[in-house]
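Asker: For reference, the structure I am asking about is given below.
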Amino acid sequence: MALLEIKNLQVRVEEREILHGLTLTIDEGKVHAIMGPNGSGKSTLSHVIAGKPGYEVTGGEILFKGEDLLAMEPDERAAKGVFLAFQYPVEIPGVATMTFLRTALNAQRKARGEEEYSTPDFLKKVREISKQLNIPGDMLKRGVNVGFSGGEKKRNEVLQMALFQPSLCILDEMDSGLDIDALRIAADGVNALRSPERSMIVITHYQRLLNYIVPDVVHVMSKGRVVKSGGKELALELEASGYAQFEDAA
Amino acid sequence: MNVALVKNDSGPAASSVFAAAQGRLPGTGKVADIRREAFAAFERTGLPHRRIEEWKYTDLRALVREVLPLAGAPDAAALARARSAIASVAIEGAAKLVLVDGVVAAELSDLAALPSGVTVRTLRAVLEEQGNEARGDLLLTKASDPMLSLNAALATDGVVVTVADGTQLSSPVQLIHVATAGKAARYSRSHLRVGHGARATLVETSIAAEGATAYQANDAAVISVGDEAQLSHIRLMRDAAEAVNVSSELFTVGARSKLSLFNMTSGGAVSRLQAFFTLAGEASELIVNGVNLLRDKQHGDMTLVVDHAVPGCTSRENFRAVLDDRAHSVFQGRIIVRQDAQQTDGKMMTRALLLSDEAEADSKPELEIFADDVSCGHGATAGALDDSLLFYLRARGLPEKQAQALLIQAFVGEAIEAIEDDGLRERVIAAAEHWLESRA
Ligand SMILES: Nc1ncnc2c1ncn2[C@@H]1O[C@H](COP(=O)(O)OP(=O)(O)O)[C@@H](O)[C@H]1O
Ligand SMILES: [Mg+2]
């Protein structure tokens, strides 16, 4: 079954069209990789799915669990299970990570009409997850991402993913700025979250990440469209032949 | 400037207010002379206006227009309304000094928590003390300012508190100003002396009882912090929406002492805190933090003058304004470093968060440095909430208002975190949260 259906999506930024009729279907419980050269519109697509302001959708639609995603506020999308792991997670001085996590989790639960977590239950859950991800307790007391290394920021994104249990995770260039060890820890965290109830979109322009998070399906994006889809072997093919062959096709 | 040339709109009305108040003003002889001179000094300018440099951004003549008649002495009904207003700000275990419409209300005050080293008298009692040659000094200050002069002329009462040398107060002392009047003015003047090696926390609050609306408050405090003493002074200003509050505070700090002042203003149509500090003893530390939380057409002004008169003192001023709708915030900070005041370390920072395009923030830092071996500086920023931070929070499930509130809290937290006492800091955070929750 399709979790996310994007049909003929056209998106403009500052009067310039970036996505030119993009069509993509993400299956339930599957890991989809989106590969493509810099500037092909991968981040734009992830932002539009998450609801970032500043993008004008001039055509097409996005259905998430059959509902019109574009009609929802970003926070409604989060509560319904959309999670974007940012390529560059922002630093928020003065907002303690713990406070942020609890506020966000309870806001999502409230929006879904669920009971808010009690403080002990919440703390127990966060401790469990941070232990798995090798996140020290004092990191959680600091401001969100303040003074975190690149690897710590990415681990903090994975921690949130584990805490919020979204049904769709979008990972935008999760490997950027990470050394192999940091990448392995983050990828292990992501792999632990693979489940039949969760789909993932792994965005990358290097094949390297896909050695650690092995996709079920691979899509190639070029110039604002999906130009080819295939199995995981497509990633290796691209590694050998490069993106040039698709530049004309697009 | 030549003040004699300034047209004085408030002249006749103000002088009739002064004349009408005579029967209510304590002190005869020399005290009465001081009041007359102070009133004459006020009349030379009238309500301060934009052509007086210190009042450039807070033009009371335009914002306030007139000097209201003195509020009557509170009657039983007013005291009852004041009593219910106090309940919401009372701190458990704290001594309470309550002034209602500028008059000490003994029946609402509670001195039980004060240790023996603390004495409290009323300004009225001291001013009426026959044979006390020094009593007139209570109305005099080094700083000259029209509103301070008006306060000297019309002060009806206040508290005179002395914390004896070496006395350490374990719980705060509350000074609570309650307005019960509608269109009337109050003038109070209080004194606090923190003795050598003493320690105290003073929490000052200005609130309105039910029915108090367009009143004018003019409260002054004269505070001295002795050598090796510590004072933490926290002010929470929550006046009625139509009220005017001009507060003046004058501090003298001794050697090896620490004074920290925190002010948060969320009430009042027009408000100003003008605080004058003289660092008169070496190796002392002054920490000032201010927060303005303003909306609608509120106007809030924090004006600080820090005078480093001796070597080796540190001063820090840190101001945050959160401005919604058409609110207007003013920060003026002047640091004076006298020729002898070598090794002075004085810094100020002011930041404004504009939640609306129509809000306005003015800041005027001034450094007057006459010594050569000093480290002084200032900085100012003004801007909206950061969109990328807002989106991050919203993408994690926070609705727009909640995401904004979290970022605003973090912003004012940079000033609130300076409050060392956990209980008081939590109290101030709760007050800021309350303001945020009431945002439409
Ligand atoms: N905010 C923006 N303003 C203007 N152009 C933008 C903006 N964001 C992205 N673009 C342009 O859109 C195109 C796609 O960018 P992006 O989605 O970041 O690609 P990718 O993530 O695949 O590298 C690029 O040409 C980029 O310059
Ligand atoms: Mg990108």
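Quick note on naming: the chains in the structure tokens go A, B, ... in the order shown, residues restart at 1 in each chain, and ligands are numbered from 1 in order of appearance.
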Output the contact residues of chain B with respect to chain A at a cut-off of 6 Å, based on only C-alpha atoms, as a list of chain:residue names.

Answerer: B:Arg394, B:Ala395, B:Arg396, B:Gly397, B:Leu398, B:Pro399, B:Ala410

Asker: Just write the chosen residues, N, CA and C atoms, as a tab-separated table (two decimals), in the first residue's frame.

Answerer:
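See part.tsv below for the written result:
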chain	number	residue	atom	x	y	z
B	394	ARG	N	8.15	23.72	14.61
B	394	ARG	CA	6.85	23.35	14.06
B	394	ARG	C	6.93	21.98	13.39
B	395	ALA	N	8.06	21.71	12.75
B	395	ALA	CA	8.23	20.41	12.10
B	395	ALA	C	8.29	19.29	13.15
B	396	ARG	N	8.51	19.68	14.41
B	396	ARG	CA	8.53	18.68	15.48
B	396	ARG	C	7.19	18.63	16.22
B	397	GLY	N	6.20	19.37	15.69
B	397	GLY	CA	4.85	19.21	16.24
B	397	GLY	C	4.34	20.37	17.06
B	398	LEU	N	5.14	21.44	17.23
B	398	LEU	CA	4.64	22.56	18.03
B	398	LEU	C	3.79	23.50	17.18
B	399	PRO	N	2.55	23.75	17.60
B	399	PRO	CA	1.75	24.74	16.89
B	399	PRO	C	2.44	26.11	16.92
B	410	ALA	N	12.98	31.60	25.69
B	410	ALA	CA	14.44	31.46	25.66
B	410	ALA	C	15.09	32.83	25.58

Asker: In stretch 71-174 of chain A, what's strand (DSSP E or B) per DSSP? Answer as a VMD selection string?

Answerer: chain A and resid 82 to 85 92 to 96 143 to 144 168 to 172

Asker: Next, the residues of the selection above should be written as a short mmCIF file (atom, residue, chain, number, x, y, z; two decimals), in the first residue's frame with N, CA, C and O atoms.

Answerer:
data_model
loop_
_atom_site.label_atom_id
_atom_site.label_comp_id
_atom_site.auth_asym_id
_atom_site.auth_seq_id
_atom_site.Cartn_x
_atom_site.Cartn_y
_atom_site.Cartn_z
N VAL A 82 4.77 12.60 9.98
CA VAL A 82 5.83 13.00 9.05
C VAL A 82 7.01 13.53 9.86
O VAL A 82 6.83 14.38 10.73
N PHE A 83 8.18 13.03 9.58
CA PHE A 83 9.37 13.51 10.30
C PHE A 83 10.48 13.79 9.30
O PHE A 83 10.88 12.91 8.54
N LEU A 84 10.97 15.03 9.32
CA LEU A 84 12.11 15.39 8.48
C LEU A 84 13.35 15.51 9.35
O LEU A 84 13.41 16.35 10.25
N ALA A 85 14.34 14.66 9.10
CA ALA A 85 15.64 14.82 9.76
C ALA A 85 16.43 15.82 8.93
O ALA A 85 16.74 15.56 7.77
N ILE A 92 19.24 25.98 18.99
CA ILE A 92 18.25 26.81 19.67
C ILE A 92 18.71 27.12 21.08
O ILE A 92 18.38 26.42 22.03
N PRO A 93 19.50 28.19 21.25
CA PRO A 93 20.01 28.51 22.58
C PRO A 93 18.87 28.83 23.53
O PRO A 93 17.87 29.43 23.13
N GLY A 94 19.01 28.42 24.76
CA GLY A 94 18.02 28.79 25.77
C GLY A 94 16.84 27.83 25.86
O GLY A 94 16.01 27.97 26.75
N VAL A 95 16.73 26.90 24.91
CA VAL A 95 15.68 25.89 25.01
C VAL A 95 16.37 24.56 25.29
O VAL A 95 17.02 24.00 24.40
N ALA A 96 16.27 24.09 26.52
CA ALA A 96 16.95 22.85 26.90
C ALA A 96 16.41 21.69 26.06
O ALA A 96 15.21 21.62 25.81
N GLY A 143 21.18 23.50 25.53
CA GLY A 143 20.25 24.03 24.55
C GLY A 143 20.22 23.11 23.34
O GLY A 143 21.22 22.44 23.04
N VAL A 144 19.09 23.06 22.64
CA VAL A 144 18.93 22.16 21.49
C VAL A 144 20.08 22.38 20.49
O VAL A 144 20.24 23.48 19.95
N LEU A 168 6.60 8.20 8.64
CA LEU A 168 7.44 8.53 7.48
C LEU A 168 8.64 9.35 7.95
O LEU A 168 8.48 10.43 8.49
N CYS A 169 9.84 8.82 7.72
CA CYS A 169 11.06 9.56 8.06
C CYS A 169 11.72 10.00 6.76
O CYS A 169 11.93 9.18 5.87
N ILE A 170 12.06 11.27 6.70
CA ILE A 170 12.80 11.76 5.55
C ILE A 170 14.17 12.17 6.06
O ILE A 170 14.28 13.03 6.94
N LEU A 171 15.21 11.54 5.55
CA LEU A 171 16.57 11.86 6.00
C LEU A 171 17.28 12.60 4.88
O LEU A 171 17.59 12.02 3.85
N ASP A 172 17.50 13.91 5.09
CA ASP A 172 18.13 14.71 4.04
C ASP A 172 19.64 14.75 4.25
O ASP A 172 20.12 15.35 5.20
#

Asker: Out of B:Glu437, B:Glu107, B:Asp101, B:Glu249, which residue has the shortest atom-to-atom distance to B:Ile207 when counting only C-alpha atoms?

Answerer: B:Asp101

Asker: Pick out the residues sitting within 10 Å of A:His205, and hand them over as number ranges by chain; count only C-alpha atoms, and ignore anything fewer than 5 positions along from it in its own chain.

Answerer: A: 33-38, 40, 42, 172-173, 175-176, 220-221, 235, 238-239, 243

Asker: So which residues of stretch 178-402 of chain B fall under helix (DSSP H, G or I) by DSSP, listed as JSON, numbers by chain?

Answerer: {"B": [387, 388, 389, 390, 391, 392, 393, 394, 395, 400, 401, 402]}

Asker: Would you mind exporting all heavy atoms of the selected residues as a JSON list (two decimals), in the first residue's frame?

Answerer:
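Everything below was put into again05.json:
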[["chain", "number", "residue", "atom", "x", "y", "z"],
["B", 387, "ASP", "N", 13.01, 32.54, 11.53],
["B", 387, "ASP", "CA", 12.11, 31.62, 10.82],
["B", 387, "ASP", "C", 12.61, 30.19, 10.81],
["B", 387, "ASP", "O", 11.81, 29.25, 10.88],
["B", 387, "ASP", "CB", 11.93, 32.08, 9.37],
["B", 387, "ASP", "CG", 11.01, 33.28, 9.28],
["B", 387, "ASP", "OD1", 10.18, 33.46, 10.20],
["B", 387, "ASP", "OD2", 11.12, 34.03, 8.30],
["B", 388, "SER", "N", 13.93, 30.02, 10.71],
["B", 388, "SER", "CA", 14.43, 28.64, 10.61],
["B", 388, "SER", "C", 14.25, 27.91, 11.94],
["B", 388, "SER", "O", 13.99, 26.71, 11.96],
["B", 388, "SER", "CB", 15.88, 28.62, 10.14],
["B", 388, "SER", "OG", 16.70, 29.24, 11.08],
["B", 389, "LEU", "N", 14.37, 28.65, 13.06],
["B", 389, "LEU", "CA", 14.14, 28.02, 14.36],
["B", 389, "LEU", "C", 12.65, 27.69, 14.53],
["B", 389, "LEU", "O", 12.29, 26.64, 15.04],
["B", 389, "LEU", "CB", 14.59, 28.93, 15.51],
["B", 389, "LEU", "CG", 16.04, 29.41, 15.50],
["B", 389, "LEU", "CD1", 16.42, 30.00, 16.86],
["B", 389, "LEU", "CD2", 17.00, 28.29, 15.16],
["B", 390, "LEU", "N", 11.82, 28.63, 14.10],
["B", 390, "LEU", "CA", 10.37, 28.40, 14.20],
["B", 390, "LEU", "C", 9.97, 27.17, 13.40],
["B", 390, "LEU", "O", 9.19, 26.34, 13.87],
["B", 390, "LEU", "CB", 9.61, 29.61, 13.63],
["B", 390, "LEU", "CG", 9.28, 30.73, 14.59],
["B", 390, "LEU", "CD1", 8.60, 31.86, 13.85],
["B", 390, "LEU", "CD2", 8.40, 30.23, 15.73],
["B", 391, "PHE", "N", 10.52, 27.04, 12.19],
["B", 391, "PHE", "CA", 10.14, 25.90, 11.37],
["B", 391, "PHE", "C", 10.61, 24.60, 11.99],
["B", 391, "PHE", "O", 9.90, 23.60, 11.99],
["B", 391, "PHE", "CB", 10.66, 26.03, 9.93],
["B", 391, "PHE", "CG", 10.33, 24.82, 9.10],
["B", 391, "PHE", "CD1", 9.01, 24.45, 8.88],
["B", 391, "PHE", "CD2", 11.33, 24.01, 8.60],
["B", 391, "PHE", "CE1", 8.69, 23.31, 8.15],
["B", 391, "PHE", "CE2", 11.02, 22.86, 7.87],
["B", 391, "PHE", "CZ", 9.70, 22.52, 7.65],
["B", 392, "TYR", "N", 11.80, 24.61, 12.54],
["B", 392, "TYR", "CA", 12.30, 23.39, 13.19],
["B", 392, "TYR", "C", 11.33, 22.93, 14.27],
["B", 392, "TYR", "O", 10.97, 21.76, 14.35],
["B", 392, "TYR", "CB", 13.69, 23.66, 13.79],
["B", 392, "TYR", "CG", 14.39, 22.42, 14.30],
["B", 392, "TYR", "CD1", 15.12, 21.61, 13.44],
["B", 392, "TYR", "CD2", 14.34, 22.06, 15.64],
["B", 392, "TYR", "CE1", 15.78, 20.47, 13.90],
["B", 392, "TYR", "CE2", 15.00, 20.92, 16.12],
["B", 392, "TYR", "CZ", 15.72, 20.14, 15.24],
["B", 392, "TYR", "OH", 16.36, 19.02, 15.69],
["B", 393, "LEU", "N", 10.90, 23.87, 15.09],
["B", 393, "LEU", "CA", 9.98, 23.51, 16.19],
["B", 393, "LEU", "C", 8.63, 23.05, 15.65],
["B", 393, "LEU", "O", 8.03, 22.11, 16.16],
["B", 393, "LEU", "CB", 9.80, 24.71, 17.12],
["B", 393, "LEU", "CG", 11.05, 25.13, 17.90],
["B", 393, "LEU", "CD1", 10.77, 26.39, 18.71],
["B", 393, "LEU", "CD2", 11.52, 24.01, 18.82],
["B", 394, "ARG", "N", 8.15, 23.72, 14.61],
["B", 394, "ARG", "CA", 6.85, 23.35, 14.06],
["B", 394, "ARG", "C", 6.93, 21.98, 13.39],
["B", 394, "ARG", "O", 6.00, 21.18, 13.48],
["B", 394, "ARG", "CB", 6.36, 24.42, 13.09],
["B", 394, "ARG", "CG", 6.14, 25.75, 13.80],
["B", 394, "ARG", "CD", 5.21, 26.63, 13.04],
["B", 394, "ARG", "NE", 3.89, 26.05, 12.99],
["B", 394, "ARG", "CZ", 2.95, 26.43, 12.13],
["B", 394, "ARG", "NH1", 3.20, 27.36, 11.24],
["B", 394, "ARG", "NH2", 1.77, 25.86, 12.16],
["B", 395, "ALA", "N", 8.06, 21.71, 12.75],
["B", 395, "ALA", "CA", 8.23, 20.41, 12.10],
["B", 395, "ALA", "C", 8.29, 19.29, 13.15],
["B", 395, "ALA", "O", 8.14, 18.12, 12.82],
["B", 395, "ALA", "CB", 9.51, 20.41, 11.26],
["B", 400, "GLU", "N", 2.09, 26.97, 15.98],
["B", 400, "GLU", "CA", 2.80, 28.22, 15.78],
["B", 400, "GLU", "C", 2.98, 29.03, 17.07],
["B", 400, "GLU", "O", 4.09, 29.44, 17.40],
["B", 400, "GLU", "CB", 2.08, 29.07, 14.74],
["B", 400, "GLU", "CG", 2.87, 30.31, 14.36],
["B", 400, "GLU", "CD", 2.26, 31.06, 13.18],
["B", 400, "GLU", "OE1", 1.07, 30.86, 12.90],
["B", 400, "GLU", "OE2", 2.99, 31.85, 12.56],
["B", 401, "LYS", "N", 1.88, 29.26, 17.80],
["B", 401, "LYS", "CA", 1.97, 30.09, 19.01],
["B", 401, "LYS", "C", 2.89, 29.46, 20.05],
["B", 401, "LYS", "O", 3.63, 30.15, 20.75],
["B", 401, "LYS", "CB", 0.58, 30.28, 19.63],
["B", 401, "LYS", "CG", -0.28, 31.27, 18.88],
["B", 401, "LYS", "CD", 0.11, 32.71, 19.19],
["B", 401, "LYS", "CE", -0.76, 33.67, 18.40],
["B", 401, "LYS", "NZ", -0.07, 34.80, 17.83],
["B", 402, "GLN", "N", 2.81, 28.13, 20.14],
["B", 402, "GLN", "CA", 3.63, 27.43, 21.13],
["B", 402, "GLN", "C", 5.12, 27.49, 20.74],
["B", 402, "GLN", "O", 5.99, 27.66, 21.60],
["B", 402, "GLN", "CB", 3.16, 25.99, 21.24],
["B", 402, "GLN", "CG", 3.48, 25.36, 22.58],
["B", 402, "GLN", "CD", 3.06, 23.90, 22.64],
["B", 402, "GLN", "OE1", 2.35, 23.39, 21.76],
["B", 402, "GLN", "NE2", 3.49, 23.22, 23.68]]

Asker: Please list as a PyMOL selection string every residue within 12 Å of stretch 41-55 of chain B, counting only C-alpha atoms and excluding residues in the same chain fewer than 4 positions away.

Answerer: chain B and resi 1-18+34-37+59-68+144-154+246+272-274+301-305+330-334+364-366

Asker: As a quick test: using only C-alpha atoms and all ligand atoms, which residues lie no more than 6 Å away from ligand 1? Give them as number ranges by chain.

Answerer: A: 13-14, 18, 38-44

Asker: Just want the 12 Å neighbourhood of A:Leu140, counted on only C-alpha atoms, with same-chain residues fewer than 3 positions away dropped. Output as a ChimeraX atom specification.

Answerer: /A:95-102,123,126-127,129-131,134-137,143-148,152-153,155-156,159-160

Asker: Write a file of the selected residues as a PDB file, in the first residue's frame, keeping N, CA and C atoms.

Answerer:
ATOM      1  N   VAL A  95      16.727  26.898  24.906  1.00  0.00           N
ATOM      2  CA  VAL A  95      15.675  25.890  25.007  1.00  0.00           C
ATOM      3  C   VAL A  95      16.373  24.557  25.290  1.00  0.00           C
ATOM      4  N   ALA A  96      16.272  24.086  26.522  1.00  0.00           N
ATOM      5  CA  ALA A  96      16.954  22.854  26.896  1.00  0.00           C
ATOM      6  C   ALA A  96      16.409  21.694  26.065  1.00  0.00           C
ATOM      7  N   THR A  97      17.317  20.815  25.634  1.00  0.00           N
ATOM      8  CA  THR A  97      16.923  19.696  24.776  1.00  0.00           C
ATOM      9  C   THR A  97      15.783  18.890  25.402  1.00  0.00           C
ATOM     10  N   MET A  98      15.890  18.612  26.703  1.00  0.00           N
ATOM     11  CA  MET A  98      14.849  17.846  27.394  1.00  0.00           C
ATOM     12  C   MET A  98      13.492  18.546  27.327  1.00  0.00           C
ATOM     13  N   THR A  99      13.500  19.840  27.582  1.00  0.00           N
ATOM     14  CA  THR A  99      12.257  20.622  27.528  1.00  0.00           C
ATOM     15  C   THR A  99      11.660  20.554  26.126  1.00  0.00           C
ATOM     16  N   PHE A 100      12.547  20.741  25.151  1.00  0.00           N
ATOM     17  CA  PHE A 100      12.111  20.684  23.753  1.00  0.00           C
ATOM     18  C   PHE A 100      11.477  19.335  23.425  1.00  0.00           C
ATOM     19  N   LEU A 101      12.171  18.246  23.800  1.00  0.00           N
ATOM     20  CA  LEU A 101      11.674  16.905  23.470  1.00  0.00           C
ATOM     21  C   LEU A 101      10.307  16.652  24.103  1.00  0.00           C
ATOM     22  N   ARG A 102      10.179  17.048  25.374  1.00  0.00           N
ATOM     23  CA  ARG A 102       8.922  16.785  26.063  1.00  0.00           C
ATOM     24  C   ARG A 102       7.786  17.635  25.483  1.00  0.00           C
ATOM     25  N   LEU A 123      10.978  10.520  30.927  1.00  0.00           N
ATOM     26  CA  LEU A 123      12.413  10.440  31.225  1.00  0.00           C
ATOM     27  C   LEU A 123      12.956   9.042  30.963  1.00  0.00           C
ATOM     28  N   VAL A 126      13.346   8.537  27.180  1.00  0.00           N
ATOM     29  CA  VAL A 126      14.474   9.282  26.606  1.00  0.00           C
ATOM     30  C   VAL A 126      15.800   8.647  27.017  1.00  0.00           C
ATOM     31  N   ARG A 127      15.889   8.238  28.280  1.00  0.00           N
ATOM     32  CA  ARG A 127      17.142   7.622  28.749  1.00  0.00           C
ATOM     33  C   ARG A 127      17.453   6.345  27.974  1.00  0.00           C
ATOM     34  N   ILE A 129      16.502   5.489  24.943  1.00  0.00           N
ATOM     35  CA  ILE A 129      16.900   5.769  23.567  1.00  0.00           C
ATOM     36  C   ILE A 129      18.291   6.384  23.517  1.00  0.00           C
ATOM     37  N   SER A 130      18.566   7.332  24.426  1.00  0.00           N
ATOM     38  CA  SER A 130      19.864   8.000  24.333  1.00  0.00           C
ATOM     39  C   SER A 130      20.998   7.031  24.659  1.00  0.00           C
ATOM     40  N   LYS A 131      20.696   6.042  25.474  1.00  0.00           N
ATOM     41  CA  LYS A 131      21.709   5.036  25.773  1.00  0.00           C
ATOM     42  C   LYS A 131      22.066   4.259  24.491  1.00  0.00           C
ATOM     43  N   ASN A 134      24.148   6.288  22.295  1.00  0.00           N
ATOM     44  CA  ASN A 134      25.399   6.786  22.837  1.00  0.00           C
ATOM     45  C   ASN A 134      25.371   8.300  23.038  1.00  0.00           C
ATOM     46  N   ILE A 135      24.232   8.819  23.490  1.00  0.00           N
ATOM     47  CA  ILE A 135      24.091  10.254  23.740  1.00  0.00           C
ATOM     48  C   ILE A 135      24.207  10.490  25.241  1.00  0.00           C
ATOM     49  N   PRO A 136      25.258  11.213  25.666  1.00  0.00           N
ATOM     50  CA  PRO A 136      25.441  11.428  27.104  1.00  0.00           C
ATOM     51  C   PRO A 136      24.338  12.330  27.687  1.00  0.00           C
ATOM     52  N   GLY A 137      24.016  12.087  28.957  1.00  0.00           N
ATOM     53  CA  GLY A 137      22.937  12.813  29.629  1.00  0.00           C
ATOM     54  C   GLY A 137      23.127  14.318  29.641  1.00  0.00           C
ATOM     55  N   GLY A 143      21.182  23.498  25.529  1.00  0.00           N
ATOM     56  CA  GLY A 143      20.247  24.030  24.553  1.00  0.00           C
ATOM     57  C   GLY A 143      20.216  23.107  23.344  1.00  0.00           C
ATOM     58  N   VAL A 144      19.093  23.064  22.637  1.00  0.00           N
ATOM     59  CA  VAL A 144      18.932  22.160  21.491  1.00  0.00           C
ATOM     60  C   VAL A 144      20.076  22.384  20.490  1.00  0.00           C
ATOM     61  N   ASN A 145      20.877  21.349  20.307  1.00  0.00           N
ATOM     62  CA  ASN A 145      21.990  21.336  19.346  1.00  0.00           C
ATOM     63  C   ASN A 145      23.103  22.349  19.631  1.00  0.00           C
ATOM     64  N   VAL A 146      23.010  23.068  20.749  1.00  0.00           N
ATOM     65  CA  VAL A 146      24.003  24.115  21.017  1.00  0.00           C
ATOM     66  C   VAL A 146      25.333  23.481  21.413  1.00  0.00           C
ATOM     67  N   GLY A 147      26.342  23.790  20.628  1.00  0.00           N
ATOM     68  CA  GLY A 147      27.670  23.244  20.894  1.00  0.00           C
ATOM     69  C   GLY A 147      27.794  21.767  20.547  1.00  0.00           C
ATOM     70  N   PHE A 148      26.811  21.194  19.860  1.00  0.00           N
ATOM     71  CA  PHE A 148      26.904  19.793  19.442  1.00  0.00           C
ATOM     72  C   PHE A 148      27.824  19.696  18.228  1.00  0.00           C
ATOM     73  N   GLU A 152      26.844  14.648  16.675  1.00  0.00           N
ATOM     74  CA  GLU A 152      25.878  14.739  17.778  1.00  0.00           C
ATOM     75  C   GLU A 152      24.541  15.306  17.299  1.00  0.00           C
ATOM     76  N   LYS A 153      24.632  16.270  16.401  1.00  0.00           N
ATOM     77  CA  LYS A 153      23.387  16.846  15.862  1.00  0.00           C
ATOM     78  C   LYS A 153      22.567  15.785  15.132  1.00  0.00           C
ATOM     79  N   ARG A 155      22.745  12.560  15.579  1.00  0.00           N
ATOM     80  CA  ARG A 155      22.250  11.580  16.550  1.00  0.00           C
ATOM     81  C   ARG A 155      21.029  12.128  17.282  1.00  0.00           C
ATOM     82  N   ASN A 156      21.036  13.440  17.503  1.00  0.00           N
ATOM     83  CA  ASN A 156      19.881  14.067  18.142  1.00  0.00           C
ATOM     84  C   ASN A 156      18.645  13.970  17.240  1.00  0.00           C
ATOM     85  N   LEU A 159      17.495  10.432  17.603  1.00  0.00           N
ATOM     86  CA  LEU A 159      16.840  10.287  18.905  1.00  0.00           C
ATOM     87  C   LEU A 159      15.375  10.733  18.823  1.00  0.00           C
ATOM     88  N   GLN A 160      15.158  11.859  18.161  1.00  0.00           N
ATOM     89  CA  GLN A 160      13.791  12.362  18.027  1.00  0.00           C
ATOM     90  C   GLN A 160      12.931  11.397  17.215  1.00  0.00           C
TER      91      GLN A 160
END

Asker: Got a sec: who's within 6 Å of B:Asp239, counting only C-alpha atoms, leaving out chain neighbours fewer than 6 positions off, as an NGL selection string?

Answerer: :B and (206-208 or 267-268)

Asker: Mind checking which residues fall within 10 Å of A:Arg12, counting only C-alpha atoms, ignoring those fewer than 2 positions away in the same chain, and posting them as number ranges by chain?

Answerer: A: 10, 14-20, 44, 54-59

Asker: Selected residues, N, CA, C and O atoms, written as a compact mmCIF listing (two decimals), in the first residue's frame, please.

Answerer:
# COMPACT_ATOMS: atom_id res chain seq x y z
N GLN A 10 4.42 20.50 -8.78
CA GLN A 10 5.17 21.65 -9.30
C GLN A 10 5.36 22.67 -8.19
O GLN A 10 4.40 23.05 -7.53
N GLU A 14 10.63 31.72 -5.02
CA GLU A 14 10.95 33.07 -5.50
C GLU A 14 10.78 33.17 -7.02
O GLU A 14 11.72 33.52 -7.74
N GLU A 15 9.59 32.79 -7.48
CA GLU A 15 9.24 32.94 -8.90
C GLU A 15 9.92 31.95 -9.84
O GLU A 15 9.69 31.96 -11.04
N ARG A 16 10.80 31.09 -9.27
CA ARG A 16 11.50 30.16 -10.15
C ARG A 16 10.99 28.75 -9.89
O ARG A 16 10.92 28.32 -8.73
N GLU A 17 10.62 28.04 -10.95
CA GLU A 17 10.13 26.68 -10.74
C GLU A 17 11.31 25.74 -10.49
O GLU A 17 12.27 25.70 -11.26
N ILE A 18 11.21 24.98 -9.38
CA ILE A 18 12.29 24.07 -8.98
C ILE A 18 11.86 22.62 -9.24
O ILE A 18 12.63 21.80 -9.73
N LEU A 19 10.64 22.27 -8.87
CA LEU A 19 10.12 20.94 -9.16
C LEU A 19 9.13 21.07 -10.32
O LEU A 19 8.18 21.85 -10.25
N HIS A 20 9.38 20.26 -11.36
CA HIS A 20 8.60 20.42 -12.60
C HIS A 20 7.72 19.22 -12.84
O HIS A 20 7.91 18.51 -13.81
N THR A 44 14.42 20.59 -1.66
CA THR A 44 13.15 21.28 -1.91
C THR A 44 11.99 20.32 -1.69
O THR A 44 11.02 20.65 -1.00
N GLY A 54 7.62 29.36 2.34
CA GLY A 54 8.49 29.93 1.32
C GLY A 54 8.43 29.19 -0.01
O GLY A 54 9.05 29.61 -0.98
N TYR A 55 7.71 28.07 -0.04
CA TYR A 55 7.58 27.31 -1.29
C TYR A 55 6.15 27.46 -1.80
O TYR A 55 5.20 27.32 -1.04
N GLU A 56 6.04 27.74 -3.09
CA GLU A 56 4.71 27.89 -3.67
C GLU A 56 4.41 26.66 -4.52
O GLU A 56 5.12 26.39 -5.50
N VAL A 57 3.39 25.92 -4.11
CA VAL A 57 3.01 24.75 -4.90
C VAL A 57 2.03 25.23 -5.97
O VAL A 57 0.95 25.71 -5.66
N THR A 58 2.45 25.13 -7.22
CA THR A 58 1.61 25.65 -8.30
C THR A 58 0.84 24.55 -9.02
O THR A 58 -0.03 24.84 -9.83
N GLY A 59 1.14 23.29 -8.69
CA GLY A 59 0.40 22.21 -9.32
C GLY A 59 0.68 20.89 -8.66
O GLY A 59 1.67 20.75 -7.92

Asker: With distances taken over only C-alpha atoms and all ligand atoms, which residue among A:Gly242, A:Thr23, A:Val202, A:Leu3 lies nearest ligand 2?

Answerer: A:Val202

Asker: Which residue, A:Thr204, A:Gln165, A:Gln132, A:Gln245, has the smallest gap to ligand 2 when you use only C-alpha atoms and all ligand atoms?

Answerer: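 Closest to ligand 2 of all the choices is A:Thr204.
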
Asker: To one decimal in Å, tell me the separation between atom CA of B:Gly102 and atom CA of B:Arg193.

Answerer: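 Spanning atom CA of B:Gly102 to atom CA of B:Arg193 is a straight-line distance of 20.2 Å.
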
Asker: Pick from B:Ile429, B:Ala382, B:Ala19, B:Val310: nearest to B:Thr344, with only C-alpha atoms counted?

Answerer: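 That would be B:Val310, the residue with the smallest distance to B:Thr344.
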